[in-house]
Amino acid sequence: MLQTWVVLVASTLYLGVLFAVAFYGDRRADAGRSLISGGTIYALSLAVYATSWTYYGSVGRGATTGVEFMPIYLGPTLMLALGWLVLRRIIRISRRNRITSLADFVSARYGKSASLGALVTLIAVVGVVPYISLQLKAVSNTFEIIRRHPEIMSTSQLGEVPPLNDTALYVALLLAGFSILFGTRHLDATERHEGIVAAIAFESVVKLIAFVAAGIFVTFGLFGGFGDLFSRAADAKLDALFTLDGGDGYANWIWLTVLSMLAIVLLPRQWQVAVVENVDESHLKRAMWLFPLYLLAINIFVLPIAAAGLLRFGGSVDADTYVLTLPMAEGQQALALLVFIGGLSAATGMIIVETVALSTMVSNSVVMPALLRARSRLVNRDDLAGLVLGIRRTTIVLIMLLGYAYFRLAGEGTALVSIGLVSFAAVAQFAPAILFGLFWKGGTRNAALAGLGAGFLVWFYTLLMPTFADAGWLSTSFLSEGPFGLSALRPQALFGLTGMDEVSHAMFWSMLVNIGAYVTVSLASRPSAAEQAQAVLFVDVLADPVRPRLWRERVTIGELRVLLVRFIGRDAADVALRQQTREGRLDAALADPELIHHIETVLAGSVGAASARLVVASVAGEEQLRVDEVMEMIDEASHVAALEERHRLARELHDSVSQALFSMTLHTRAVELAVQRDGADADSRVVRGLSELRNLTQGALAEMRASIFQLRPEALHEEGLSAAVRKHAAAVATREGLDIQVHAPVDRLPLDERAEEELFRVVQEALHNSVKHAQPGRIDIRLDGHPEEEGALLIEVADDGIGFDPDAPNPGHLGLDSMRERTQRLGGRFTVDSSPTGSTKVRAVLPPASRHRVAADHGNDRHES
Amino acid sequence: MSTVGEGVRDGMKGPAGSEQFGGRLVAVAVLGFLLLVPPLVSIFDRGGQVFGIPGIWVYLFLVWAVIIGLVAALVRRSG
């Protein structure tokens with residue numbers, strides 16, 4: 001018989017090995033030689049799906065309902081086949097936006113809504129804590145079975161252990177330590193924990209070997225193989241094991257398949273290993289077949305063990321423990337110890353990943369947004385990274401204790417499988433918000449809130465409250481007669497709907513209200529601007545959209561650096577801003593929108609999307625976007641593509657045609673000189689031809705430069721108004737053979753972008769008018785301080801050609817109206833001095849006050865919009 | 001902010017290849033779903049036996065293995 005101390009020493013040794021593996025994984029990651037760079041480790045880490053619920057519970061369920069346990073593993077197989085469609089999207093979205101938890105994902109999808117993130121976290125915690133307690137219960141019960149062998153215990157007797165003798169408590173505390181050590185080591189922008197992934201993969205191997213070893217022993221050691229075992233089971237009238245149970249069973253079968261398809265993605269621990277810890281999308285490809293293969297392997301012996309247990313023990317032993325009790329009953333101590341360790345690994349793997357995932361959610365989606373809202377000056381604190389980690393560590397301990405408390409108070413009455421399914425049904429509530437959100441842009445924040453809220457309430461009422469009744473917290477009449485005797489409200493037969501098991505019943509009602517509310521509210525309302533922007537980002541992720549701009553420059557790089565240092569530390573902040581430093585931008589410079597977005601993304605990795613938005617808003621000012629603005633942004637995104645194309649064209653024209661034309665003028669000039677040197681007659685046809693040719697090429701070159709300039713209007717802002725006007729004037733002068741003089745100071749005029757743009761158009765239009773209508777010989781363009789008005793700016797275009805009567809009716813065709821409008825928009829005065837007998841002078845005067853006001857208006861626009 | 005190269009890392013022969021790969025995987029999933037839920041499952045749910053082993057048990061594991069094999073073959077072909 002196994003001594004208690006042997007079990008304790010073996011368990012301790014096993015957990016020690018686990019620590020070592022995790023430690024080694026982290027060390028290798030720090031050294032840049034990742035252990036988990038292959039798809040196999042990724043696939044094995046997904047096998048955290050197989051908890052002690054699988055390890056012990058499948059046999060228990062198999063013994064009572066036969067093959068009905070199988071959909072729970074068939075569903076993930078189907079979902080992984082769809083992984084390329086669904087999981088890859090989620091992984092890419094998460095990587096691109098540095099989303100580090102499921103709650104963060106939902107929150108980010110619907111306009112970075114903090115309330116949505118909090119609701120998802122609440123559902124996840126309430127839904128998953130019973131599942132954690134289930135793992136603790138498995139460890140505690142199996143330990144008691146070994147300790148009290150050969151006494152045969154009923155489950156309720158197993159529960160009567162004083163807390164301080166309860167292995168579950170120590171396991172819980174030890175695992176809390178493990179999660180804290182490897183799950184909250186530092187605040188990392190990606191939230192990856194390679195040590196934990198390595199440990200989980202290791203545990204997956206251990207539990208598979210242990211379970212298969214038990215299966216082989218039972219099937220081939222106790223019986224003569226599958227055929228012998230099954231025929232003896234048939235002889236013993238255990239036919240129920242081998243049918244789907246007809247009628248009702250079919251509906252349950254389908255629901256279980258769907259439920260497990262959703263759970264494999266939506267359980268917080270699955271999300272953590274499949275999405276957050278994924279280091280390379282291509283790993284998914286191997287996991288798509290390797291992980292289902294793992295599930296197949298671990299399930300082959302479930303039914304044989306269940307049948308063998310029923311044959312061996314009849315009903316005297318809890319079927320949930322057959323895997324352990326069969327080897328023990330046969331005196332196979334070493335195998336029993338291996339099975340116990342396997343069960344321990346199944347439980348610990350699940351608990352570790354689940355607590356890390358939940359702690360990220362609680363800190364990033366609940367506590368940080370609340371703190372930042374309540375005390376916005378928190379952002380100015382120095383060691384925010386420490387604060388976030390502290391919140392996570394506390395959360396891990398609290399969740400562990402909550403799980404333990406649930407296990408002590410309520411976990412005894414219910415079989416392992418039913419608690420697991422309750423959790424599956426809880427996380428399935430995320431499905432509409434996430435799956436619709438991935439493929440449909442119309443879903444809104446309120447719709448997600450309504451769907452999740454309604455689905456969660458129905459789940460709570462129809463599935464969780466009955467387990468309270470089972471545990472004796474509520475009277476059983478609540479189940480049999482409904483609350484206050486209202487039989488229509490019986491939780492397991494809502495509105496008289498019967499003929500389904502409780503999980504199918506709860507799934508039907510909760511999905512009905514969840515999807516119903518989501519779709520109805522979405523269709524009835526319009527998404528806000530921020531929601532639309534995020535929807536585009538998520539739904540079109542594989543189409544590689546241009547990122548919409550969400551922030552406008554109102555903050556310096558230095559301010560952002562300070563912010564980053566507070567949250568992620570100096571080194572990580574330097575890395576995040578390396579590009580800026582390399583390009584020689586100073587901390588005093590204004591950050592451009594892309595940089596602010598980048599910083600927000602980096603922060604989102606540490607504190608969640610909703611918190612990051614609040615944090616950035618605290619320095620950059622809140623940006624409330626209107627719908628039209630976002631529509632504009634989306635248009636802008638398509639504009640950007642067109643603009644980039646134009647830039648490319650401009651560059652190419654400049655590099656090829658312009659250069660060629662330039663060489664041509666040089667060559668022509670050289671030939672001209674050579675011919676002259678050779679003493680050719682200046683009036684000869686050759687010389688005149690050459691001179692004509694040179695003029696033509698020079699003209700073409702100027703034309704080309706003007707065209708390139710038109711292709712890249714923002715050159716205006718890069719070079720300044722004076723330089724742009726000079727270039728344009730030179731082009732026109734060459735083309736028209738005119739003398740055009742530009743009088744402007746060397747320094748750049750103090751104008752903002754909009755003013756530069758408008759004034760350039762005014763000059764352009766005036767020049768065009770002169771050339772077209774006045775037949776001038778010379779044009780003077782003046783851009784300078786006003787000689788009489790202090791601080792005012794004078795823009796003047798004067799020609800020596802034929803004038804016109806500015807007061808004559810319908811001079812609109814001359815573009816005067818548009819010039820006047822442009823000037824007035826800037827708060828300036830526009831005058832035309834011309835007569836049919838004299839020349840023309842077009843003047844725009846910008847008084848200093850108007851220039852300031854323009855700038856201020858511009859600032860206000862930004863602030864309000 | 002390196003988003004460049006994600007498309008390349010797909011390891012697919014262009015977007016058309018990726019689309020085809022995705023389409024075939026969806027087809028396998030749909031096939032699996034059809035084979036694994038009633039009414040098709042119920043054909044094998046009549047207590048029959050194959051070499052003394054329950055037919056439904058054999059059928060479910062067989063379909064399971066075939067789906068895994070198909071996915072693995074598609075993944076291998078996609079490179």
# chains A, B, ... in the order shown; residues from 1 in each chain; ligands from 1
call {"tool": "residues_around", "arguments": {"residues": "Ala798 (chain A)", "least_positions_apart": "4", "cutoff": "8 Å", "atoms": "only C-alpha atoms", "output": "list of chain:residue names"}}
result
A:Ile779, A:Asp780, A:Ile781, A:Ser839, A:Thr840, A:Lys841, A:Val842
call {"tool": "interface_residues", "arguments": {"of": "chain A", "to": "chain B", "cutoff": "6 Å", "atoms": "only C-alpha atoms", "output": "list of chain:residue names"}}
result
A:Leu78, A:Ala81, A:Leu82, A:Gly227, A:Thr243, A:Trp289
call {"tool": "write_last_selection", "arguments": {"atoms": "C-alpha atoms", "output": "JSON list (two decimals), in the first residue's frame"}}
result
[["chain", "number", "residue", "atom", "x", "y", "z"],
["A", 78, "LEU", "CA", -13.89, 20.72, -35.54],
["A", 81, "ALA", "CA", -10.10, 22.78, -38.35],
["A", 82, "LEU", "CA", -11.80, 26.19, -38.47],
["A", 227, "GLY", "CA", -12.77, -7.21, -27.63],
["A", 243, "THR", "CA", -25.57, 4.13, -27.34],
["A", 289, "TRP", "CA", -4.06, 18.44, -36.26]]
call {"tool": "residues_around", "arguments": {"residues": "region 558-560 of chain A", "least_positions_apart": "5", "cutoff": "8 Å", "atoms": "only C-alpha atoms", "output": "PyMOL selection string"}}
result
chain A and resi 586-589+596+599+619
call {"tool": "write_last_selection", "arguments": {"atoms": "N, CA and C atoms", "output": "tab-separated table (two decimals), in the first residue's frame"}}
result
chain	number	residue	atom	x	y	z
A	586	LEU	N	13.73	65.14	-30.93
A	586	LEU	CA	13.96	65.46	-29.53
A	586	LEU	C	12.71	65.22	-28.72
A	587	ASP	N	12.90	65.09	-27.41
A	587	ASP	CA	11.76	64.86	-26.54
A	587	ASP	C	10.80	66.04	-26.52
A	588	ALA	N	11.32	67.22	-26.89
A	588	ALA	CA	10.45	68.39	-26.86
A	588	ALA	C	9.54	68.44	-28.09
A	589	ALA	N	9.85	67.63	-29.10
A	589	ALA	CA	9.06	67.67	-30.33
A	589	ALA	C	7.67	67.10	-30.09
A	596	ILE	N	1.61	58.43	-31.19
A	596	ILE	CA	0.71	58.33	-30.05
A	596	ILE	C	-0.04	57.01	-30.10
A	599	ILE	N	2.25	54.30	-28.97
A	599	ILE	CA	2.41	54.29	-27.51
A	599	ILE	C	1.18	53.68	-26.86
A	619	VAL	N	-2.89	62.47	-20.98
A	619	VAL	CA	-1.88	63.44	-21.41
A	619	VAL	C	-2.20	64.08	-22.76
call {"tool": "atom_distance", "arguments": {"atom1": "CA of Leu438 (chain A)", "atom2": "CA of Val539 (chain A)"}}
result
5.1 Å
call {"tool": "atom_distance", "arguments": {"atom1": "CA of Val279 (chain A)", "atom2": "CA of Gly39 (chain A)"}}
result
9.5 Å
call {"tool": "closest_residue", "arguments": {"among": "A:Ala517, A:His505, A:Gly215, A:Ile434", "to": "Ala447 (chain A)", "atoms": "only C-alpha atoms"}}
result
A:Ala517
call {"tool": "atom_distance", "arguments": {"atom1": "CA of Gln659 (chain A)", "atom2": "CA of Gly720 (chain A)"}}
result
24.0 Å
call {"tool": "closest_atom_pairs", "arguments": {"of": "region 225-310 of chain A", "to": "region 55-73 of chain A", "cutoff": "6 Å", "atoms": "only C-alpha atoms", "output": "CSV"}}
result
residue,atom,partner,partner_atom,distance
A:Leu241,CA,A:Gly66,CA,3.5
A:Phe242,CA,A:Gly66,CA,5.7
A:Leu256,CA,A:Pro71,CA,5.7
A:Thr257,CA,A:Pro71,CA,4.7
A:Ser260,CA,A:Ile72,CA,5.1
A:Val302,CA,A:Val59,CA,5.3
A:Leu303,CA,A:Gly62,CA,5.9
A:Ala306,CA,A:Ala63,CA,4.9
call {"tool": "residues_around", "arguments": {"residues": "Gly177 (chain A)", "least_positions_apart": "6", "cutoff": "10 Å", "atoms": "only C-alpha atoms", "output": "number ranges by chain"}}
result
A: 171, 183, 352, 393, 396-397
call {"tool": "select_by_dssp", "arguments": {"residues": "region 291-515 of chain A", "states": "alpha helix (DSSP H)", "output": "PyMOL selection string"}}
result
chain A and resi 291-299+302-313+322-329+333-361+368-374+384-409+416-428+430-431+437-439+445-459+465-470+477-480+502-515
